[in-house]
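First up is the structure itself, then whatever we jot down about it.
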Amino acid sequence: MQSSYDVIIVGGGVIGCSIAYHLAKMKKKVVVLEKDRIGSKASSAAAGMLGVQAELEEDGPMFRLGRASRDLYPALAEELRFLTGVDIALIRSGAMKPAYTKEDMEKYERIARWQKAIGETAEVLDGKAARRVEPALSEKAIGTLYFPEEGQVSPPSLVWAFSQGAARYGTEIREFTSVTDMVCKNGRFDHVETDSGAVYGDSVVVAAGAWSKRFFNKKYGADIYPVKGEVLSATTAAPLLKTTIFADGYYVTPKKGGILYIGATMAPHDYSRTVSIDGLHFLFEKAKRFVPSVTKASIKHIWAGQRPMTNDGLPFLGMDPECDGLYYATGHYRNGILLGPITGLAMAELITGRHGDEALLKPFSLDRLARIKEVKS
Ligand code: FAD
Ligand code: GLY
């Protein structure tokens, strides 16, 4: 007799593994189908910043989702460590956005105002005060927007902890299993086809990152494409930074253990995983502008990964309008590590029909594709 699951997850990145973890904790019979190794794609390439305040510059659905996810982290880190022994390396050592012009300062004043109004901690510092917090910051920075509580994690450890935790709760993890087709019958999900046979389940979740587009019905017009990012890590004899320095999408971030990550380039529609000399040169120039003495650091590793980008830059989180039991949780672009915990929890609640915060997910449902089409035509 063929085995059948409550939920099949397609893709073993942070999103698939977090959903599997939360569903398995709710006693669901889950299988994760991963075409390569668990966490081998974007989720291990990430820098691991939980950049709610530094990356998301506007109040809106993404900020609210990011904030909800960030707030889950402290308890989750403990829970995962207790269950699996894996330390996800959560640290909350802050982030700052350096200002080089009067316009930067004005923009940062505005951001600090609305963030403080909703209860976040955000301080605008002049250059002197900024360098008291972070002495290595460039003398060219006339000030900074400082978020003392912004945090970060180790992405490979996070995915590993989610997958190990899911397995502890009974999830089956099948690596090197590629899903080739998704079959719905009479408006209901039936099974997936893989390169090693059919897998049956009550529900399926597409969490295949930048490779998800093939599983959407073409008529919805969902676009999901890769935005490649190159990153390098470096070490210094003595710690150079305490906080993340982040501006215009680029960053130098100090990891637990005295390593710096310098990232990341942005190349849409590029599935390659090579790191170019041009890319590295570009990153060196960005990093030097933040922290001139970074040139003395020694390079440790270089790598690249694919961020899953969508039509409007927001993830798709919800059920297919025409196939009951077929769910999507993909397109987290630059923030999948930040959003992993809330995506896992909220999708598990949605799939099991539990009462969660429905308003949190609503802006990310597939319904918005119709609106995007209207605007375009
Ligand atoms: P992935 O991790 O790519 O996982 C998808 C999985 O699906 C893959 O393992 C793939 O092999 C599998 N798959 C694909 N097709 C199939 C198939 N047909 N069958 C079975 N399996 C399949 N986010 C942050 O929050 N903070 C950061 O600091 C940060 N920094 C980043 C830096 C870089 C350079 C990059 C590239 C990304 C960064 N991100 C960051 C974004 C974050 O990494 C992504 O949003 C997140 O990892 C997406 O997770 P995912 O599980 O959707 O995708
Ligand atoms: N969030 C950092 C990056 O995507 O590079």
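If you're wondering about the labels, chains in the structure tokens are A, B, ... by order shown, residues count from 1 in each chain, ligands from 1 in order shown.
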Quick one: residues within 6 Å of ligand 1, with only C-alpha atoms and all ligand atoms, as a PDB file with N, CA and C atoms, in the first residue's frame?
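This is the output file out_2.pdb:
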ATOM      1  N   VAL A  10       7.598  20.691  -0.417  1.00  0.00           N
ATOM      2  CA  VAL A  10       8.529  20.658  -1.553  1.00  0.00           C
ATOM      3  C   VAL A  10       9.604  21.714  -1.323  1.00  0.00           C
ATOM      4  N   GLY A  11      10.810  21.270  -0.972  1.00  0.00           N
ATOM      5  CA  GLY A  11      11.922  22.190  -0.740  1.00  0.00           C
ATOM      6  C   GLY A  11      12.359  22.193   0.712  1.00  0.00           C
ATOM      7  N   GLY A  12      13.644  21.925   0.919  1.00  0.00           N
ATOM      8  CA  GLY A  12      14.188  21.847   2.284  1.00  0.00           C
ATOM      9  C   GLY A  12      15.090  23.015   2.614  1.00  0.00           C
ATOM     10  N   GLY A  13      14.634  24.229   2.305  1.00  0.00           N
ATOM     11  CA  GLY A  13      15.326  25.436   2.775  1.00  0.00           C
ATOM     12  C   GLY A  13      14.725  25.853   4.102  1.00  0.00           C
ATOM     13  N   VAL A  14      15.044  27.077   4.539  1.00  0.00           N
ATOM     14  CA  VAL A  14      14.552  27.529   5.844  1.00  0.00           C
ATOM     15  C   VAL A  14      13.018  27.538   5.875  1.00  0.00           C
ATOM     16  N   ILE A  15      12.393  27.879   4.732  1.00  0.00           N
ATOM     17  CA  ILE A  15      10.940  27.986   4.734  1.00  0.00           C
ATOM     18  C   ILE A  15      10.304  26.598   4.846  1.00  0.00           C
ATOM     19  N   GLY A  16      10.733  25.674   3.978  1.00  0.00           N
ATOM     20  CA  GLY A  16      10.177  24.314   4.033  1.00  0.00           C
ATOM     21  C   GLY A  16      10.423  23.658   5.381  1.00  0.00           C
ATOM     22  N   LEU A  33      10.513  16.935   0.752  1.00  0.00           N
ATOM     23  CA  LEU A  33      11.174  16.433  -0.456  1.00  0.00           C
ATOM     24  C   LEU A  33      12.144  17.507  -0.934  1.00  0.00           C
ATOM     25  N   GLU A  34      13.415  17.190  -0.905  1.00  0.00           N
ATOM     26  CA  GLU A  34      14.460  18.177  -1.248  1.00  0.00           C
ATOM     27  C   GLU A  34      15.303  17.608  -2.390  1.00  0.00           C
ATOM     28  N   LYS A  35      15.422  18.381  -3.456  1.00  0.00           N
ATOM     29  CA  LYS A  35      16.108  17.822  -4.632  1.00  0.00           C
ATOM     30  C   LYS A  35      17.616  17.698  -4.441  1.00  0.00           C
ATOM     31  N   ASP A  36      18.159  18.395  -3.449  1.00  0.00           N
ATOM     32  CA  ASP A  36      19.610  18.372  -3.226  1.00  0.00           C
ATOM     33  C   ASP A  36      19.844  17.991  -1.755  1.00  0.00           C
ATOM     34  N   ILE A  38      19.508  19.295   2.351  1.00  0.00           N
ATOM     35  CA  ILE A  38      18.763  20.259   3.175  1.00  0.00           C
ATOM     36  C   ILE A  38      19.599  21.542   3.326  1.00  0.00           C
ATOM     37  N   GLY A  39      18.956  22.675   3.084  1.00  0.00           N
ATOM     38  CA  GLY A  39      19.624  23.974   3.307  1.00  0.00           C
ATOM     39  C   GLY A  39      20.779  24.273   2.367  1.00  0.00           C
ATOM     40  N   SER A  40      20.798  23.612   1.218  1.00  0.00           N
ATOM     41  CA  SER A  40      21.977  23.789   0.359  1.00  0.00           C
ATOM     42  C   SER A  40      21.891  25.010  -0.554  1.00  0.00           C
ATOM     43  N   LYS A  41      20.757  25.725  -0.574  1.00  0.00           N
ATOM     44  CA  LYS A  41      20.621  26.827  -1.519  1.00  0.00           C
ATOM     45  C   LYS A  41      20.605  28.185  -0.783  1.00  0.00           C
ATOM     46  N   ALA A  42      19.642  29.043  -1.086  1.00  0.00           N
ATOM     47  CA  ALA A  42      19.663  30.412  -0.519  1.00  0.00           C
ATOM     48  C   ALA A  42      19.826  30.404   1.000  1.00  0.00           C
ATOM     49  N   SER A  43      19.200  29.437   1.651  1.00  0.00           N
ATOM     50  CA  SER A  43      19.142  29.476   3.119  1.00  0.00           C
ATOM     51  C   SER A  43      20.500  29.326   3.783  1.00  0.00           C
ATOM     52  N   ALA A  45      23.271  30.433   2.059  1.00  0.00           N
ATOM     53  CA  ALA A  45      24.072  31.533   1.492  1.00  0.00           C
ATOM     54  C   ALA A  45      23.828  32.836   2.247  1.00  0.00           C
ATOM     55  N   ALA A  46      22.747  32.881   3.004  1.00  0.00           N
ATOM     56  CA  ALA A  46      22.314  34.141   3.623  1.00  0.00           C
ATOM     57  C   ALA A  46      23.287  34.640   4.693  1.00  0.00           C
ATOM     58  N   ALA A  47      23.206  35.950   4.929  1.00  0.00           N
ATOM     59  CA  ALA A  47      24.043  36.552   5.970  1.00  0.00           C
ATOM     60  C   ALA A  47      23.446  36.337   7.366  1.00  0.00           C
ATOM     61  N   GLY A  48      22.139  36.153   7.415  1.00  0.00           N
ATOM     62  CA  GLY A  48      21.506  35.842   8.694  1.00  0.00           C
ATOM     63  C   GLY A  48      21.043  37.040   9.503  1.00  0.00           C
ATOM     64  N   MET A  49      21.029  38.223   8.877  1.00  0.00           N
ATOM     65  CA  MET A  49      20.545  39.405   9.611  1.00  0.00           C
ATOM     66  C   MET A  49      19.036  39.302   9.810  1.00  0.00           C
ATOM     67  N   LEU A  50      18.577  39.647  10.999  1.00  0.00           N
ATOM     68  CA  LEU A  50      17.124  39.725  11.249  1.00  0.00           C
ATOM     69  C   LEU A  50      16.778  41.200  11.097  1.00  0.00           C
ATOM     70  N   THR A 177      15.651  14.173  -3.807  1.00  0.00           N
ATOM     71  CA  THR A 177      14.356  13.787  -4.381  1.00  0.00           C
ATOM     72  C   THR A 177      13.751  15.032  -5.024  1.00  0.00           C
ATOM     73  N   SER A 178      13.699  14.998  -6.347  1.00  0.00           N
ATOM     74  CA  SER A 178      13.224  16.183  -7.065  1.00  0.00           C
ATOM     75  C   SER A 178      11.748  16.038  -7.421  1.00  0.00           C
ATOM     76  N   VAL A 179      10.951  17.034  -7.080  1.00  0.00           N
ATOM     77  CA  VAL A 179       9.527  17.015  -7.441  1.00  0.00           C
ATOM     78  C   VAL A 179       9.415  17.519  -8.881  1.00  0.00           C
ATOM     79  N   THR A 180       8.755  16.713  -9.710  1.00  0.00           N
ATOM     80  CA  THR A 180       8.691  17.047 -11.134  1.00  0.00           C
ATOM     81  C   THR A 180       7.310  17.556 -11.549  1.00  0.00           C
ATOM     82  N   ALA A 207       7.617  25.169  -1.373  1.00  0.00           N
ATOM     83  CA  ALA A 207       8.595  26.015  -0.670  1.00  0.00           C
ATOM     84  C   ALA A 207       9.948  25.829  -1.361  1.00  0.00           C
ATOM     85  N   ALA A 208       9.909  25.947  -2.686  1.00  0.00           N
ATOM     86  CA  ALA A 208      11.092  25.618  -3.483  1.00  0.00           C
ATOM     87  C   ALA A 208      11.906  26.864  -3.850  1.00  0.00           C
ATOM     88  N   GLY A 209      11.763  27.930  -3.069  1.00  0.00           N
ATOM     89  CA  GLY A 209      12.579  29.132  -3.251  1.00  0.00           C
ATOM     90  C   GLY A 209      12.543  29.634  -4.687  1.00  0.00           C
ATOM     91  N   ALA A 210      13.701  29.985  -5.209  1.00  0.00           N
ATOM     92  CA  ALA A 210      13.801  30.588  -6.553  1.00  0.00           C
ATOM     93  C   ALA A 210      13.421  29.606  -7.667  1.00  0.00           C
ATOM     94  N   TRP A 211      13.125  28.359  -7.303  1.00  0.00           N
ATOM     95  CA  TRP A 211      12.753  27.331  -8.285  1.00  0.00           C
ATOM     96  C   TRP A 211      11.256  27.018  -8.225  1.00  0.00           C
ATOM     97  N   LYS A 228      20.557  36.724  -7.721  1.00  0.00           N
ATOM     98  CA  LYS A 228      21.790  36.140  -7.173  1.00  0.00           C
ATOM     99  C   LYS A 228      22.519  37.142  -6.279  1.00  0.00           C
ATOM    100  N   GLY A 229      23.061  36.640  -5.178  1.00  0.00           N
ATOM    101  CA  GLY A 229      23.863  37.486  -4.284  1.00  0.00           C
ATOM    102  C   GLY A 229      25.193  36.821  -3.998  1.00  0.00           C
ATOM    103  N   GLU A 230      26.279  37.593  -4.143  1.00  0.00           N
ATOM    104  CA  GLU A 230      27.614  37.089  -3.801  1.00  0.00           C
ATOM    105  C   GLU A 230      28.021  37.671  -2.443  1.00  0.00           C
ATOM    106  N   VAL A 231      28.687  36.863  -1.650  1.00  0.00           N
ATOM    107  CA  VAL A 231      29.079  37.267  -0.291  1.00  0.00           C
ATOM    108  C   VAL A 231      30.514  36.818  -0.038  1.00  0.00           C
ATOM    109  N   ALA A 264      25.853  42.200  -0.147  1.00  0.00           N
ATOM    110  CA  ALA A 264      25.867  41.126  -1.124  1.00  0.00           C
ATOM    111  C   ALA A 264      25.440  41.743  -2.448  1.00  0.00           C
ATOM    112  N   ALA A 304      27.882  32.211  -3.147  1.00  0.00           N
ATOM    113  CA  ALA A 304      26.747  32.925  -3.761  1.00  0.00           C
ATOM    114  C   ALA A 304      25.484  32.097  -3.617  1.00  0.00           C
ATOM    115  N   GLY A 305      24.333  32.781  -3.680  1.00  0.00           N
ATOM    116  CA  GLY A 305      23.052  32.070  -3.599  1.00  0.00           C
ATOM    117  C   GLY A 305      21.962  32.873  -4.282  1.00  0.00           C
ATOM    118  N   GLN A 306      20.800  32.251  -4.444  1.00  0.00           N
ATOM    119  CA  GLN A 306      19.689  32.853  -5.187  1.00  0.00           C
ATOM    120  C   GLN A 306      18.546  33.262  -4.254  1.00  0.00           C
ATOM    121  N   ARG A 307      18.295  34.576  -4.171  1.00  0.00           N
ATOM    122  CA  ARG A 307      17.132  35.066  -3.405  1.00  0.00           C
ATOM    123  C   ARG A 307      15.885  34.847  -4.263  1.00  0.00           C
ATOM    124  N   THR A 330       6.535  30.914  -0.564  1.00  0.00           N
ATOM    125  CA  THR A 330       7.763  31.139  -1.316  1.00  0.00           C
ATOM    126  C   THR A 330       7.890  32.600  -1.732  1.00  0.00           C
ATOM    127  N   HIS A 332      10.502  34.833  -0.523  1.00  0.00           N
ATOM    128  CA  HIS A 332      10.868  35.667   0.632  1.00  0.00           C
ATOM    129  C   HIS A 332      12.045  36.605   0.339  1.00  0.00           C
ATOM    130  N   TYR A 333      12.518  36.580  -0.884  1.00  0.00           N
ATOM    131  CA  TYR A 333      13.507  37.532  -1.399  1.00  0.00           C
ATOM    132  C   TYR A 333      14.675  37.748  -0.426  1.00  0.00           C
ATOM    133  N   ARG A 334      14.834  38.958   0.120  1.00  0.00           N
ATOM    134  CA  ARG A 334      16.003  39.272   0.956  1.00  0.00           C
ATOM    135  C   ARG A 334      15.795  38.923   2.422  1.00  0.00           C
ATOM    136  N   ASN A 335      14.621  38.391   2.784  1.00  0.00           N
ATOM    137  CA  ASN A 335      14.285  38.314   4.217  1.00  0.00           C
ATOM    138  C   ASN A 335      13.794  36.949   4.687  1.00  0.00           C
ATOM    139  N   GLY A 336      14.175  35.902   3.992  1.00  0.00           N
ATOM    140  CA  GLY A 336      13.672  34.572   4.352  1.00  0.00           C
ATOM    141  C   GLY A 336      14.163  34.061   5.695  1.00  0.00           C
ATOM    142  N   ILE A 337      15.336  34.486   6.111  1.00  0.00           N
ATOM    143  CA  ILE A 337      15.835  34.032   7.424  1.00  0.00           C
ATOM    144  C   ILE A 337      15.034  34.742   8.516  1.00  0.00           C
ATOM    145  N   LEU A 338      14.886  36.046   8.342  1.00  0.00           N
ATOM    146  CA  LEU A 338      14.038  36.798   9.277  1.00  0.00           C
ATOM    147  C   LEU A 338      12.637  36.185   9.341  1.00  0.00           C
TER     148      LEU A 338
END
Considering only C-alpha atoms, return as a list of chain:residue names whatever protein or nucleic-acid residues lie within 9 Å of Leu158 of chain A, sequence-local ones (same chain, fewer than 2 positions apart) excluded.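 The filter keeps A:Val14, A:Ser43, A:Ala77, A:Leu80, A:Val86, A:Asp87, A:Ile88, A:Ala89, A:Val153, A:Ser154, A:Pro155, A:Pro156, A:Trp160, A:Ala161, A:Phe162, A:Ser163, A:Ile337.
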Leu125 of chain A environment, 8 Å, only C-alpha atoms, sequence neighbours closer than 5 positions dropped, as an MDAnalysis selection string: chainID A and resid 130 143:146
Nearest to ligand 2, chosen from A:Gly201, A:Ala329, A:Glu55, A:Lys256, with only C-alpha atoms and all ligand atoms counted in the distances: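 Comparing A:Gly201, A:Ala329, A:Glu55, A:Lys256 against ligand 2, the winner is A:Glu55.
Counting only C-alpha atoms and comparing A:Val183, A:Ala122, A:Val32, A:Ile262, the residue that lies closest to Ala234 of chain A is A:Ile262.
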Env of Ala99 of chain A: 9 Å cut, atoms = only C-alpha atoms, seq-sep filter 5 positions within chain, self excluded. Answer as a count of residues only. 11
Pairwise distance for atom CA of Val291 of chain A and atom CA of Pro135 of chain A, rounded to one decimal in Å: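 A separation of 9.3 Å between them.
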What parts of segment 102-284 of chain A does DSSP call strand (DSSP E)? I'd like the answer as a PyMOL selection string. chain A and resi 123-126+143-147+151-152+172-174+179-185+188-194+197-206+224-235+244-247+250-255+259-263+267-268
Would you give me, as a PyMOL selection string, the residues in segment 65-213 of chain A that DSSP reads as helix (DSSP H, G or I)? chain A and resi 65-84+102-117+127-133+155-168+209-211+213
